[in-house]
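data_3.cif (mmCIF, C-alpha atoms) appears below.
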data_upload
#
loop_
_atom_site.group_PDB
_atom_site.id
_atom_site.type_symbol
_atom_site.label_atom_id
_atom_site.label_comp_id
_atom_site.auth_asym_id
_atom_site.auth_seq_id
_atom_site.Cartn_x
_atom_site.Cartn_y
_atom_site.Cartn_z
ATOM 1 C CA MET K 562 88.357 145.569 85.264
ATOM 2 C CA LEU K 563 88.786 142.592 87.631
ATOM 3 C CA ASP K 564 92.351 143.672 88.448
ATOM 4 C CA VAL K 565 91.180 146.474 90.762
ATOM 5 C CA SER K 566 92.496 145.596 94.235
ATOM 6 C CA LEU K 567 91.871 148.372 96.741
ATOM 7 C CA PRO K 568 90.613 148.450 100.337
ATOM 8 C CA VAL K 569 86.860 148.741 100.853
ATOM 9 C CA TYR K 570 85.639 151.448 103.222
ATOM 10 C CA HIS K 571 82.444 150.903 105.179
ATOM 11 C CA GLU K 572 81.439 154.573 105.401
ATOM 12 C CA LEU K 573 82.261 155.427 101.781
ATOM 13 C CA SER K 574 80.381 152.373 100.514
ATOM 14 C CA LEU K 575 77.247 153.155 102.515
ATOM 15 C CA GLU K 576 77.395 156.823 101.524
ATOM 16 C CA PHE K 577 77.746 156.062 97.819
ATOM 17 C CA LEU K 578 75.209 153.228 97.594
ATOM 18 C CA SER K 579 72.565 155.072 99.646
ATOM 19 C CA SER K 580 72.815 158.219 97.507
ATOM 20 C CA TYR K 581 73.378 156.794 94.013
ATOM 21 C CA VAL K 582 70.758 157.846 91.440
ATOM 22 C CA PHE K 583 70.792 156.920 87.757
ATOM 23 C CA ASP K 584 68.384 158.838 85.506
ATOM 24 C CA ALA K 585 67.761 156.476 82.581
ATOM 25 C CA SER K 586 65.657 159.108 80.818
ATOM 26 C CA ARG K 587 68.730 161.275 80.187
ATOM 27 C CA ASP K 588 71.357 160.799 77.508
ATOM 28 C CA ILE K 589 74.475 158.989 78.763
ATOM 29 C CA GLY K 590 76.473 162.105 77.828
ATOM 30 C CA ASP K 591 74.316 164.370 80.002
ATOM 31 C CA SER K 592 76.264 165.630 83.031
ATOM 32 C CA HIS K 593 73.264 164.971 85.314
ATOM 33 C CA THR K 594 72.684 161.320 84.391
ATOM 34 C CA VAL K 595 74.418 159.978 87.524
ATOM 35 C CA LEU K 596 74.135 161.609 90.947
ATOM 36 C CA PHE K 597 75.764 160.471 94.190
ATOM 37 C CA THR K 598 77.481 161.672 97.359
ATOM 38 C CA LEU K 599 81.011 160.612 98.269
ATOM 39 C CA GLY K 600 83.179 161.952 101.066
ATOM 40 C CA GLY K 601 80.501 164.496 101.949
ATOM 41 C CA ARG K 602 80.580 165.963 98.423
ATOM 42 C CA GLU K 603 77.787 165.806 95.861
ATOM 43 C CA PHE K 604 78.653 164.757 92.316
ATOM 44 C CA ASN K 605 76.717 165.043 89.043
ATOM 45 C CA LEU K 606 78.324 163.071 86.226
ATOM 46 C CA SER K 607 77.500 161.732 82.818
ATOM 47 C CA MET K 608 77.542 157.966 82.345
ATOM 48 C CA ASN K 609 80.388 158.487 79.889
ATOM 49 C CA THR K 610 82.500 160.243 82.527
ATOM 50 C CA LEU K 611 81.718 157.601 85.162
ATOM 51 C CA ASN K 612 82.703 154.775 82.804
ATOM 52 C CA VAL K 613 86.044 156.435 82.076
ATOM 53 C CA LEU K 614 86.752 157.152 85.760
ATOM 54 C CA LEU K 615 86.130 153.510 86.638
ATOM 55 C CA GLY K 616 88.292 152.257 83.781
ATOM 56 C CA PHE K 617 85.420 150.559 81.969
ATOM 57 C CA GLU K 618 85.954 152.777 78.910
ATOM 58 C CA THR K 619 88.504 155.218 77.520
ATOM 59 C CA ASP K 620 87.988 158.601 75.883
ATOM 60 C CA GLU K 621 88.571 156.876 72.545
ATOM 61 C CA SER K 622 86.231 153.909 73.097
ATOM 62 C CA LEU K 623 83.319 156.257 73.890
ATOM 63 C CA HIS K 624 83.099 156.882 70.146
ATOM 64 C CA ASP K 625 83.006 153.192 69.171
ATOM 65 C CA ALA K 626 79.851 152.032 67.439
ATOM 66 C CA LEU K 627 79.506 149.160 69.950
ATOM 67 C CA TYR K 628 79.487 151.597 72.862
ATOM 68 C CA GLU K 629 77.013 153.972 71.235
ATOM 69 C CA SER K 630 74.604 151.093 70.511
ATOM 70 C CA ALA K 631 74.976 149.493 73.971
ATOM 71 C CA TYR K 632 71.841 148.242 75.728
ATOM 72 C CA ARG K 633 70.353 150.690 78.245
ATOM 73 C CA GLU K 634 67.996 148.070 79.708
ATOM 74 C CA VAL K 635 66.958 144.445 79.278
ATOM 75 C CA PRO K 636 64.868 144.228 76.076
ATOM 76 C CA SER K 637 61.248 143.268 76.660
ATOM 77 C CA THR K 638 61.650 140.468 74.113
ATOM 78 C CA PHE K 639 64.336 138.735 76.189
ATOM 79 C CA ALA K 640 61.778 137.206 78.582
ATOM 80 C CA ALA K 641 60.560 134.932 75.792
ATOM 81 C CA HIS K 642 64.053 133.480 75.314
ATOM 82 C CA LEU K 643 65.126 132.785 78.906
ATOM 83 C CA THR K 644 65.192 128.988 78.592
ATOM 84 C CA GLU K 645 66.827 129.128 75.170
ATOM 85 C CA LYS K 646 69.597 131.413 76.451
ATOM 86 C CA TRP K 647 70.054 129.387 79.637
ATOM 87 C CA ARG K 648 70.500 126.183 77.622
ATOM 88 C CA GLU K 649 73.276 127.858 75.644
ATOM 89 C CA LEU K 650 75.101 128.779 78.868
ATOM 90 C CA SER K 651 74.382 125.897 81.216
ATOM 91 C CA ILE K 652 73.841 122.151 81.478
ATOM 92 C CA GLU K 653 70.197 122.614 82.527
ATOM 93 C CA SER K 654 67.287 122.208 80.146
ATOM 94 C CA ALA K 655 65.079 124.981 81.544
ATOM 95 C CA PHE K 656 65.569 128.321 83.260
ATOM 96 C CA MET K 657 63.953 128.715 86.677
ATOM 97 C CA PRO K 658 64.353 132.263 88.096
ATOM 98 C CA ARG K 659 64.199 131.051 91.701
ATOM 99 C CA SER K 660 66.322 127.915 91.437
ATOM 100 C CA SER K 661 68.690 128.049 88.425
ATOM 101 C CA ARG K 662 72.216 128.068 89.878
ATOM 102 C CA SER K 663 75.458 129.456 88.558
ATOM 103 C CA VAL K 664 77.224 126.160 89.341
ATOM 104 C CA ASN K 665 75.503 124.766 86.234
ATOM 105 C CA ILE K 666 77.108 127.339 83.909
ATOM 106 C CA ARG K 667 79.546 125.476 81.667
ATOM 107 C CA ASP K 668 82.079 128.275 81.158
ATOM 108 C CA ASP K 669 84.361 128.825 84.174
ATOM 109 C CA GLY K 670 84.863 132.483 83.300
ATOM 110 C CA LEU K 671 81.137 133.199 83.175
ATOM 111 C CA ARG K 672 80.624 131.431 86.506
ATOM 112 C CA LEU K 673 83.222 133.747 88.026
ATOM 113 C CA CYS K 674 81.575 136.758 86.365
ATOM 114 C CA HIS K 675 78.240 135.800 87.910
ATOM 115 C CA ARG K 676 79.781 135.791 91.388
ATOM 116 C CA PHE K 677 81.293 139.186 90.637
ATOM 117 C CA LEU K 678 77.874 140.504 89.563
ATOM 118 C CA SER K 679 76.206 139.125 92.693
ATOM 119 C CA TYR K 680 78.730 140.671 95.070
ATOM 120 C CA ASN K 681 79.833 143.879 93.380
ATOM 121 C CA MET K 682 76.996 144.999 91.112
ATOM 122 C CA PHE K 683 73.821 143.776 92.778
ATOM 123 C CA GLY K 684 75.197 143.530 96.325
ATOM 124 C CA ARG K 685 73.263 140.368 97.133
ATOM 125 C CA SER K 686 73.876 139.122 100.666
ATOM 126 C CA ASP K 687 72.108 135.785 100.176
ATOM 127 C CA MET K 688 71.453 133.254 97.418
ATOM 128 C CA MET K 689 74.472 134.492 95.459
ATOM 129 C CA ASN K 690 74.471 131.281 93.429
ATOM 130 C CA ILE K 691 70.981 131.877 91.993
ATOM 131 C CA VAL K 692 70.942 133.407 88.496
ATOM 132 C CA THR K 693 68.272 136.060 87.941
ATOM 133 C CA ALA K 694 66.823 136.956 84.543
ATOM 134 C CA GLN K 695 68.725 140.258 84.515
ATOM 135 C CA GLU K 696 71.986 138.493 85.343
ATOM 136 C CA LEU K 697 71.312 135.929 82.627
ATOM 137 C CA PHE K 698 70.946 138.754 80.106
ATOM 138 C CA ILE K 699 74.237 140.317 81.242
ATOM 139 C CA LEU K 700 76.046 136.963 81.016
ATOM 140 C CA ASP K 701 74.597 136.371 77.566
ATOM 141 C CA CYS K 702 75.853 139.780 76.436
ATOM 142 C CA MET K 703 79.310 138.876 77.767
ATOM 143 C CA ARG K 704 79.213 135.673 75.757
ATOM 144 C CA LEU K 705 78.194 137.528 72.603
ATOM 145 C CA HIS K 706 80.578 140.476 73.258
ATOM 146 C CA GLU K 707 77.709 142.980 73.369
ATOM 147 C CA LYS K 708 78.041 146.111 75.499
ATOM 148 C CA LEU K 709 75.721 147.359 78.235
ATOM 149 C CA ASN K 710 75.129 150.755 79.805
ATOM 150 C CA PHE K 711 72.715 149.868 82.590
ATOM 151 C CA GLY K 712 73.906 152.438 85.101
ATOM 152 C CA LEU K 713 74.228 149.816 87.826
ATOM 153 C CA PRO K 714 75.943 151.138 90.974
ATOM 154 C CA VAL K 715 79.387 149.700 91.629
ATOM 155 C CA SER K 716 80.595 148.560 95.043
ATOM 156 C CA GLY K 717 83.680 147.209 96.746
ATOM 157 C CA SER K 718 87.047 148.388 95.453
ATOM 158 C CA PHE K 719 85.435 150.356 92.639
ATOM 159 C CA ILE K 720 84.006 152.897 95.091
ATOM 160 C CA THR K 721 87.508 153.399 96.475
ATOM 161 C CA LEU K 722 88.868 153.795 92.939
ATOM 162 C CA LEU K 723 86.165 156.356 92.181
ATOM 163 C CA ALA K 724 86.979 158.248 95.384
ATOM 164 C CA GLN K 725 90.653 158.351 94.458
ATOM 165 C CA ARG K 726 90.017 159.702 90.975
ATOM 166 C CA LEU K 727 87.560 162.305 92.272
ATOM 167 C CA HIS K 728 90.125 163.365 94.910
ATOM 168 C CA VAL K 729 87.867 162.468 97.830
ATOM 169 C CA ASP K 730 89.494 162.147 101.249
ATOM 170 C CA ILE K 731 89.905 158.441 102.076
ATOM 171 C CA PRO K 732 90.385 157.180 105.658
ATOM 172 C CA GLU K 733 93.399 155.147 106.684
ATOM 173 C CA PRO K 734 92.797 151.359 106.698
ATOM 174 C CA ILE K 735 92.861 149.396 109.941
ATOM 175 C CA TYR K 736 95.584 146.743 110.256
ATOM 176 C CA VAL K 737 94.600 143.575 112.105
ATOM 177 C CA HIS K 738 96.028 140.111 112.634
ATOM 178 C CA ALA K 739 93.978 137.193 111.339
ATOM 179 C CA SER K 740 93.878 135.626 114.820
ATOM 180 C CA SER K 741 91.611 138.460 115.999
ATOM 181 C CA PHE K 742 88.837 137.671 113.497
ATOM 182 C CA THR K 743 85.476 136.478 114.743
ATOM 183 C CA LEU K 744 82.887 134.478 112.808
ATOM 184 C CA ASN K 745 81.162 137.713 111.769
ATOM 185 C CA ASP K 746 84.450 138.945 110.300
ATOM 186 C CA PHE K 747 84.762 135.832 108.150
ATOM 187 C CA ARG K 748 81.285 136.512 106.795
ATOM 188 C CA THR K 749 82.618 139.798 105.422
ATOM 189 C CA MET K 750 85.912 138.367 104.196
ATOM 190 C CA HIS K 751 85.383 139.923 100.765
ATOM 191 C CA LEU K 752 86.247 143.261 102.428
ATOM 192 C CA LEU K 753 89.844 142.113 103.046
ATOM 193 C CA PHE K 754 93.014 142.575 101.066
ATOM 194 C CA VAL K 755 96.693 142.006 101.784
ATOM 195 C CA ASN K 756 99.316 144.736 101.757
ATOM 196 C CA ALA K 757 102.913 144.369 100.598
ATOM 197 C CA GLU K 758 104.100 143.344 104.076
ATOM 198 C CA GLY K 759 101.653 140.436 104.258
ATOM 199 C CA GLN K 760 99.381 142.006 106.862
ATOM 200 C CA TYR K 761 95.609 141.883 106.425
ATOM 201 C CA GLN K 762 93.935 145.272 106.083
ATOM 202 C CA LEU K 763 90.282 145.576 107.015
ATOM 203 C CA SER K 764 88.462 148.735 106.103
ATOM 204 C CA ARG K 765 85.434 148.471 108.346
ATOM 205 C CA PRO K 766 85.772 149.635 111.961
ATOM 206 C CA GLY K 767 84.828 147.788 115.133
ATOM 207 C CA VAL K 768 86.964 144.678 114.658
ATOM 208 C CA SER K 769 87.730 143.006 117.971
ATOM 209 C CA GLY K 770 91.352 142.257 118.786
ATOM 210 C CA PRO K 771 94.598 144.219 118.654
ATOM 211 C CA SER K 772 95.532 146.416 115.736
ATOM 212 C CA HIS K 773 98.981 146.227 114.157
ATOM 213 C CA SER K 774 100.944 148.507 111.928
ATOM 214 C CA PRO K 775 102.493 146.934 108.809
ATOM 215 C CA SER K 776 105.881 146.688 110.562
ATOM 216 C CA ALA K 777 104.601 145.298 113.857
ATOM 217 C CA ASP K 778 105.490 141.758 114.951
ATOM 218 C CA THR K 779 102.639 139.252 115.208
ATOM 219 C CA SER K 780 102.166 136.673 117.926
ATOM 220 C CA SER K 781 102.806 133.827 115.522
ATOM 221 C CA GLY K 782 105.888 135.410 113.965
ATOM 222 C CA THR K 783 104.439 135.466 110.462
ATOM 223 C CA ALA K 784 101.050 136.487 109.167
ATOM 224 C CA PRO K 785 98.798 133.635 107.955
ATOM 225 C CA THR K 786 98.770 133.158 104.223
ATOM 226 C CA LEU K 787 95.909 134.518 102.172
ATOM 227 C CA ALA K 788 95.395 131.015 100.746
ATOM 228 C CA ALA K 789 94.648 129.670 104.247
ATOM 229 C CA ILE K 790 92.086 132.386 104.888
ATOM 230 C CA GLU K 791 90.496 131.871 101.469
ATOM 231 C CA GLU K 792 90.288 128.116 102.060
ATOM 232 C CA LEU K 793 88.538 128.628 105.394
ATOM 233 C CA PHE K 794 86.117 131.141 103.907
ATOM 234 C CA GLU K 795 85.448 128.852 100.912
ATOM 235 C CA ARG K 796 84.577 125.953 103.215
ATOM 236 C CA PHE K 797 82.280 128.209 105.221
ATOM 237 C CA THR K 798 80.620 129.483 102.023
ATOM 238 C CA HIS K 799 80.062 125.972 100.650
ATOM 239 C CA ARG K 800 78.543 124.830 103.935
ATOM 240 C CA LEU K 801 76.277 127.858 104.090
ATOM 241 C CA GLU K 802 75.178 127.424 100.471
ATOM 242 C CA SER K 803 74.422 123.730 101.113
ATOM 243 C CA CYS K 804 72.220 124.700 104.055
ATOM 244 C CA LEU K 805 70.450 127.335 101.968
ATOM 245 C CA ASP K 806 69.917 124.856 99.124
ATOM 246 C CA ALA K 807 68.457 122.308 101.527
ATOM 247 C CA LEU K 808 66.184 124.960 103.033
ATOM 248 C CA GLU K 809 65.028 126.067 99.590
ATOM 249 C CA ASP K 810 64.234 122.449 98.631
ATOM 250 C CA ARG K 811 62.152 122.117 101.802
ATOM 251 C CA LEU K 812 60.285 125.338 101.016
ATOM 252 C CA MET K 813 59.589 124.187 97.472
ATOM 253 C CA ALA K 814 58.277 120.879 98.827
ATOM 254 C CA VAL K 815 55.988 122.744 101.230
ATOM 255 C CA GLU K 816 54.762 125.004 98.416
ATOM 256 C CA GLN K 817 53.995 121.968 96.275
ATOM 257 C CA ALA K 818 52.184 120.295 99.165
ATOM 258 C CA VAL K 819 50.056 123.417 99.668
ATOM 259 C CA ILE K 820 49.241 123.508 95.943
ATOM 260 C CA ASN K 821 48.279 119.820 95.935
ATOM 261 C CA PHE K 822 46.133 120.318 99.044
ATOM 262 C CA SER K 823 44.352 123.309 97.487
ATOM 263 C CA ARG K 824 43.535 121.236 94.377
ATOM 264 C CA SER K 825 42.213 118.250 96.316
ATOM 265 C CA PRO K 826 38.421 117.918 96.535
#
Could you write out this file's structure as structure tokens?
Amino acid sequence: MLDVSLPVYHELSLEFLSSYVFDASRDIGDSHTVLFTLGGREFNLSMNTLNVLLGFETDESLHDALYESAYREVPSTFAAHLTEKWRELSIESAFMPRSSRSVNIRDDGLRLCHRFLSYNMFGRSDMMNIVTAQELFILDCMRLHEKLNFGLPVSGSFITLLAQRLHVDIPEPIYVHASSFTLNDFRTMHLLFVNAEGQYQLSRPGVSGPSHSPSADTSSGTAPTLAAIEELFERFTHRLESCLDALEDRLMAVEQAVINFSRSP
């Protein structure tokens, strides 16, 4: 599932995510369980069909007992076990929905999965390192090898994959040189991928700077390595997260001060 590496298209993503409807009251085999628009076409699919199109399941695995008994939602009883489950996953002693961070998850794979959930399933644009109760349940199911059928909308490369398999017209990607990126472009670096010629392809329009075809020469002679771009983006992300953490600590201190003031005689 994590091997999907396709360009992300601004228009297709907005179209899909703004039109996606999941009807949890219907059976996952019902052809009207999932509704969305893609490439100007309306689609009605069953959850089973969507899972197969995205490569999450196969025609054979749809008949597995684990798939048929998969969770459709977070059980109401899970709320009573948040701290217990968080202790099993992390180094913290208690689960705090507004401050428990993925950096404290012991397993490297689950930490990576949480980032994937934040970006590609829940589309969070801030506080990606905070673990919500729903995300904790999903991570716990991963740890216990239990299946889910939540009907969460996919994003990123998965929308492109879905468009391909539904034979939706896909626009041509824009080729740009890394030297033309602005700070705003680095904030959306997760929309980038590298083609076989080493050029960076950016799917969203409006990028300042010259465009280049895959065979065009660049001003520096060779395109910058993906590792260099990733390192720059990682440093930017860490700095931003540190600022957000500091701001959150200040807000919590202010909240506590207000509470103490309200309790004073």
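When CA of Gly670 (chain K) is paired with CA of Ala724 (chain K), their separation reads 28.5 Å.
Of note, CA of Ser630 (chain K) and CA of Ile589 (chain K) are spaced 11.4 Å apart.
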Item to check | Two-atom distance - CA of Met689 (chain K), CA of Leu713 (chain K) (Å) | outcome: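 Calculated distance between CA of Met689 (chain K) and CA of Leu713 (chain K) is 17.1 Å.
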Item to check | Proximity to Met608 (chain K) - best of K:Asn710, K:Ser654, K:Ser579, K:Ser663, all atoms listed in the file | outcome: K:Asn710
Checklist entry - Taking only C-alpha atoms into account, which of K:Tyr570, K:Phe683, K:Phe583, K:Tyr632 comes nearest Leu596 (chain K)? => result K:Phe583
Checklist entry - So what does the PyMOL selection byres ((chain K and resi 633) around 10) actually pick up in this one, as JSON, numbers by chain? => result {"K": [585, 586, 589, 630, 631, 632, 634, 635, 636, 708, 709, 710, 711, 712]}
